[in-house]
>>> print(open('work.tsv').read())   # TSV, C-alpha atoms
chain	number	residue	atom	x	y	z
A	72	MET	CA	0.00	0.00	0.00
A	73	ASP	CA	1.53	3.29	-1.10
A	74	PHE	CA	0.48	6.07	1.26
A	75	TYR	CA	2.36	8.76	-0.63
A	76	ASN	CA	0.22	8.47	-3.76
A	77	HIS	CA	-3.09	8.19	-1.93
A	78	GLY	CA	-2.57	10.76	0.82
A	79	THR	CA	-1.81	9.94	4.39
A	80	PHE	CA	-3.73	7.53	6.52
A	81	ILE	CA	-4.53	10.15	9.18
A	82	SER	CA	-5.86	12.77	6.76
A	83	THR	CA	-8.14	10.23	5.09
A	84	VAL	CA	-9.57	8.97	8.35
A	85	PHE	CA	-10.03	12.36	9.99
A	86	LYS	CA	-11.19	14.38	6.99
A	87	LYS	CA	-14.17	16.39	8.23
A	88	ASP	CA	-16.44	16.05	5.20
A	89	ARG	CA	-15.97	12.27	5.02
A	90	MET	CA	-18.42	10.42	7.20
A	91	ILE	CA	-19.36	6.76	7.30
A	92	LEU	CA	-23.04	5.98	7.73
A	93	ASN	CA	-24.78	2.70	8.63
A	94	VAL	CA	-21.83	1.01	10.35
A	95	PRO	CA	-23.11	-2.35	11.61
A	96	LEU	CA	-23.13	-2.68	15.40
A	97	LEU	CA	-22.12	-6.32	15.04
A	98	LEU	CA	-18.91	-5.23	13.31
A	99	ASN	CA	-17.96	-2.92	16.19
A	100	VAL	CA	-18.84	-5.49	18.84
A	101	SER	CA	-16.90	-8.25	17.04
A	102	PHE	CA	-13.75	-6.15	16.76
A	103	PHE	CA	-13.94	-5.15	20.41
A	104	LEU	CA	-14.50	-8.75	21.54
A	105	LEU	CA	-11.65	-9.91	19.30
A	106	SER	CA	-9.26	-7.37	20.82
A	107	PHE	CA	-10.48	-8.18	24.35
A	108	GLY	CA	-10.04	-11.92	23.71
A	109	ILE	CA	-6.48	-11.40	22.48
A	110	ILE	CA	-5.63	-9.33	25.55
A	111	LEU	CA	-7.16	-11.96	27.87
A	112	LEU	CA	-5.13	-14.67	26.13
A	113	PHE	CA	-1.90	-12.71	26.65
A	114	LEU	CA	-2.89	-11.98	30.25
A	115	TYR	CA	-3.53	-15.67	30.92
A	116	ARG	CA	-0.20	-16.65	29.37
A	117	TYR	CA	1.60	-13.95	31.38
A	118	ASN	CA	-0.05	-14.99	34.66
A	119	ALA	CA	0.60	-18.69	33.99
A	120	ALA	CA	4.30	-18.01	33.41
A	121	GLY	CA	4.49	-15.65	36.39
A	122	LYS	CA	2.93	-18.13	38.85
A	123	GLU	CA	5.69	-20.64	38.22
A	124	ASN	CA	8.38	-18.04	38.86
A	125	ALA	CA	7.06	-15.75	41.55
A	126	LYS	CA	4.16	-17.46	43.39
A	127	LYS	CA	2.36	-14.08	43.65
A	128	LYS	CA	-1.38	-13.71	43.92
A	129	SER	CA	-2.81	-11.91	40.93
A	130	ASN	CA	-5.31	-9.10	41.41
A	131	THR	CA	-8.01	-10.23	38.99
A	132	ILE	CA	-10.11	-7.06	39.09
A	133	ILE	CA	-7.18	-4.79	38.23
A	134	ASP	CA	-6.07	-7.20	35.51
A	135	LEU	CA	-9.59	-7.20	34.05
A	136	ILE	CA	-9.90	-3.40	34.11
A	137	GLY	CA	-6.48	-3.03	32.54
A	138	SER	CA	-7.44	-5.58	29.89
A	139	LEU	CA	-10.62	-3.66	29.08
A	140	ILE	CA	-8.71	-0.40	28.70
A	141	LEU	CA	-6.03	-1.97	26.52
A	142	ALA	CA	-8.69	-3.76	24.45
A	143	PHE	CA	-10.44	-0.43	23.91
A	144	PHE	CA	-7.23	1.12	22.53
A	145	ILE	CA	-6.64	-1.85	20.26
A	146	PHE	CA	-10.27	-1.58	19.12
A	147	ILE	CA	-9.71	2.09	18.24
A	148	ILE	CA	-6.67	1.18	16.14
A	149	LEU	CA	-8.62	-1.59	14.36
A	150	LYS	CA	-11.56	0.81	13.86
A	151	LEU	CA	-9.26	3.40	12.25
A	152	ALA	CA	-7.97	0.74	9.85
A	153	ILE	CA	-11.52	-0.40	8.99
A	154	ASN	CA	-12.63	3.21	8.47
A	155	TYR	CA	-9.67	3.81	6.18
A	156	TYR	CA	-10.53	0.69	4.19
A	157	THR	CA	-14.20	1.72	4.00
A	158	VAL	CA	-13.38	5.22	2.72
A	159	LYS	CA	-10.82	3.92	0.22
A	160	SER	CA	-13.29	1.30	-1.07
A	161	ALA	CA	-15.85	4.01	-1.76
A	162	GLU	CA	-13.45	6.22	-3.72
A	163	GLY	CA	-13.64	4.28	-6.97
A	164	LEU	CA	-17.39	3.72	-6.85
A	165	ALA	CA	-20.09	5.87	-8.42
A	166	THR	CA	-21.45	8.70	-6.34
A	167	GLU	CA	-25.09	9.27	-5.63
A	168	GLU	CA	-26.85	12.39	-4.48
A	169	THR	CA	-29.86	12.91	-2.31
A	170	LYS	CA	-31.62	15.72	-0.53
A	171	VAL	CA	-32.95	14.97	2.91
A	172	PRO	CA	-34.97	17.18	5.22
A	173	ILE	CA	-33.16	18.63	8.21
A	174	ASP	CA	-34.72	17.16	11.34
A	175	ASN	CA	-33.03	19.42	13.89
A	176	TYR	CA	-30.29	22.02	14.27
A	177	VAL	CA	-28.34	22.40	17.50
A	178	SER	CA	-25.90	25.26	17.94
A	179	GLY	CA	-23.23	25.27	20.58
A	180	ARG	CA	-19.54	24.57	20.71
A	181	THR	CA	-20.12	22.40	17.64
A	182	ASP	CA	-23.11	23.17	15.43
A	183	LEU	CA	-24.89	20.00	14.31
A	184	LEU	CA	-27.53	19.27	11.69
A	185	TYR	CA	-29.63	16.17	12.37
A	186	PHE	CA	-31.20	14.24	9.50
A	187	TYR	CA	-32.61	10.82	8.58
A	188	PHE	CA	-30.85	8.72	5.97
A	189	LYS	CA	-32.21	5.26	5.10
A	190	ASP	CA	-34.46	5.38	8.20
A	191	LYS	CA	-31.61	6.06	10.65
A	192	ARG	CA	-30.83	9.35	12.37
A	193	TYR	CA	-27.41	10.95	11.92
A	194	SER	CA	-25.77	14.30	12.51
A	195	VAL	CA	-23.17	16.31	10.62
A	196	ARG	CA	-21.19	19.36	11.61
A	197	TYR	CA	-22.35	22.63	10.15
A	198	ASN	CA	-20.70	26.04	10.21
A	199	ASN	CA	-23.56	28.57	10.38
A	200	ARG	CA	-21.73	31.51	8.80
A	201	SER	CA	-25.00	33.15	7.74
A	202	HIS	CA	-26.24	33.15	11.35
A	203	LEU	CA	-29.52	31.51	10.41
A	204	SER	CA	-31.92	30.66	13.21
A	205	ARG	CA	-32.86	27.11	14.07
A	206	LYS	CA	-36.38	27.68	12.75
A	207	GLU	CA	-35.08	29.05	9.43
A	208	ILE	CA	-32.72	26.12	8.90
A	209	ILE	CA	-35.31	23.46	9.69
A	210	GLY	CA	-38.12	25.15	7.77
A	211	ASN	CA	-36.39	26.54	4.68
A	212	TYR	CA	-33.40	24.29	3.95
A	213	THR	CA	-32.61	20.71	3.01
A	214	LEU	CA	-29.36	18.82	3.37
A	215	HIS	CA	-27.78	17.89	0.03
A	216	ILE	CA	-25.59	14.79	0.43
A	217	VAL	CA	-23.12	13.32	-2.08
A	218	TYR	CA	-22.24	9.76	-1.08
A	219	SER	CA	-21.05	6.37	-2.28
A	220	LYS	CA	-22.01	2.92	-1.15
A	221	SER	CA	-19.10	1.02	0.36
A	222	VAL	CA	-18.24	-2.29	2.04
A	223	PHE	CA	-20.25	-3.78	4.93
A	224	ASP	CA	-23.40	-2.09	3.52
A	225	THR	CA	-22.09	1.31	4.60
A	226	TYR	CA	-22.28	4.69	2.92
A	227	VAL	CA	-19.46	7.23	2.76
A	228	ILE	CA	-20.52	10.87	2.59
A	229	LYS	CA	-18.12	12.64	0.27
A	230	ASN	CA	-19.63	16.09	0.51
A	231	TYR	CA	-22.66	17.82	2.01
A	232	ASN	CA	-24.18	21.28	2.22
A	233	ILE	CA	-27.52	22.90	2.88
A	234	GLU	CA	-29.71	24.25	0.10
A	235	VAL	CA	-32.91	26.25	-0.01
A	236	LYS	CA	-35.95	24.01	-0.45
>>> encode(input="work.tsv", output="structure tokens")
Amino acid sequence: MDFYNHGTFISTVFKKDRMILNVPLLLNVSFFLLSFGIILLFLYRYNAAGKENAKKKSNTIIDLIGSLILAFFIFIILKLAINYYTVKSAEGLATEETKVPIDNYVSGRTDLLYFYFKDKRYSVRYNNRSHLSRKEIIGNYTLHIVYSKSVFDTYVIKNYNIEVK
């Protein structure tokens, strides 16, 4: 894999206008359980070797909490790799466009537009440079989404903006 010709891994994964929709829960749970199982296997092997040498009593609760934390970090690394693969798989595929109604707008530290896509609710970041009110955005605008279908029955948003209805 040549990262120099395709951009860097980090910029592809963290690009703000790229968003992956419809990620299966089973996929996330499986990767977390896989990483947790690997950590438990290493922990068991470490404790089995340590008992022969040092006859110490292991603190199971601390080992379990540490294993969960380490499994979470491994899960994040696996998730970044899967997200990269999902975005790269969608690059060569045809793009589709749709306009969806804006369900809600929340302004705060991060302004978010809420919408329904394929019967599931999502949110995207929105920079309200025109200082439109919540009522104006919900009532007078739609969200225009450019996306591609990707692996695992997911969709990768390539671009989005709001347009007057």
>>> atom_distance(input="work.tsv", atom1="atom CA of Leu164 of chain A", atom2="atom CA of Ser219 of chain A")
6.4 Å
>>> residues_around(input="work.tsv", residues="segment 197-209 of chain A", least_positions_apart="6", cutoff="9 Å", atoms="all atoms listed in the file", output="PDB file with C-alpha atoms, keeping the file's coordinate frame")
ATOM      1  CA  PRO A 172     -34.970  17.180   5.220  1.00  0.00           C
ATOM      2  CA  ILE A 173     -33.160  18.630   8.210  1.00  0.00           C
ATOM      3  CA  ASP A 174     -34.720  17.160  11.340  1.00  0.00           C
ATOM      4  CA  ASN A 175     -33.030  19.420  13.890  1.00  0.00           C
ATOM      5  CA  TYR A 176     -30.290  22.020  14.270  1.00  0.00           C
ATOM      6  CA  VAL A 177     -28.340  22.400  17.500  1.00  0.00           C
ATOM      7  CA  SER A 178     -25.900  25.260  17.940  1.00  0.00           C
ATOM      8  CA  THR A 181     -20.120  22.400  17.640  1.00  0.00           C
ATOM      9  CA  ASP A 182     -23.110  23.170  15.430  1.00  0.00           C
ATOM     10  CA  LEU A 183     -24.890  20.000  14.310  1.00  0.00           C
ATOM     11  CA  LEU A 184     -27.530  19.270  11.690  1.00  0.00           C
ATOM     12  CA  ASN A 232     -24.180  21.280   2.220  1.00  0.00           C
ATOM     13  CA  ILE A 233     -27.520  22.900   2.880  1.00  0.00           C
ATOM     14  CA  VAL A 235     -32.910  26.250  -0.010  1.00  0.00           C
TER      15      VAL A 235
END
>>> closest_residue(input="work.tsv", among="A:Arg196, A:Thr166, A:Ser138, A:Thr157", to="Leu92 of chain A", atoms="all atoms listed in the file")
A:Thr157
>>> residues_around(input="work.tsv", residues="Ile153 of chain A", least_positions_apart="6", cutoff="12 Å", atoms="all atoms listed in the file", output="list in words")
Phe80, Thr83, Val84, Ile91, Val94, Leu98, Asn99, Phe102, Phe146, Ile147, Lys159, Ser160, Ser221, Val222, Phe223 and Thr225 of chain A
>>> closest_residue(input="work.tsv", among="A:Tyr187, A:Ile110, A:Lys150, A:Glu168", to="Val217 of chain A", atoms="all atoms listed in the file")
A:Glu168
>>> atom_distance(input="work.tsv", atom1="atom CA of Ile145 of chain A", atom2="atom CA of Asn118 of chain A")
20.6 Å
>>> closest_residue(input="work.tsv", among="A:Met90, A:Ile136, A:Val100, A:Ile228", to="Thr169 of chain A", atoms="all atoms listed in the file")
A:Ile228
>>> atom_distance(input="work.tsv", atom1="atom CA of Ile148 of chain A", atom2="atom CA of Leu105 of chain A")
12.6 Å
>>> closest_residue(input="work.tsv", among="A:Ile140, A:Ile216, A:Val171, A:Leu96", to="Leu111 of chain A", atoms="all atoms listed in the file")
A:Ile140
>>> residues_around(input="work.tsv", residues="Gly137 of chain A", least_positions_apart="4", cutoff="12 Å", atoms="only C-alpha atoms", output="list of chain:residue names")
A:Phe107, A:Ile110, A:Leu111, A:Leu114, A:Asn130, A:Thr131, A:Ile132, A:Ile133, A:Leu141, A:Ala142, A:Phe143, A:Phe144
>>> axis_aligned_box(input="work.tsv", around="segment 152-156 of chain A", padding_each_side="4 Å", output="JSON")
{"center_x": -10.3, "center_y": 1.7, "center_z": 7.0, "size_x": 12.7, "size_y": 12.2, "size_z": 13.7}
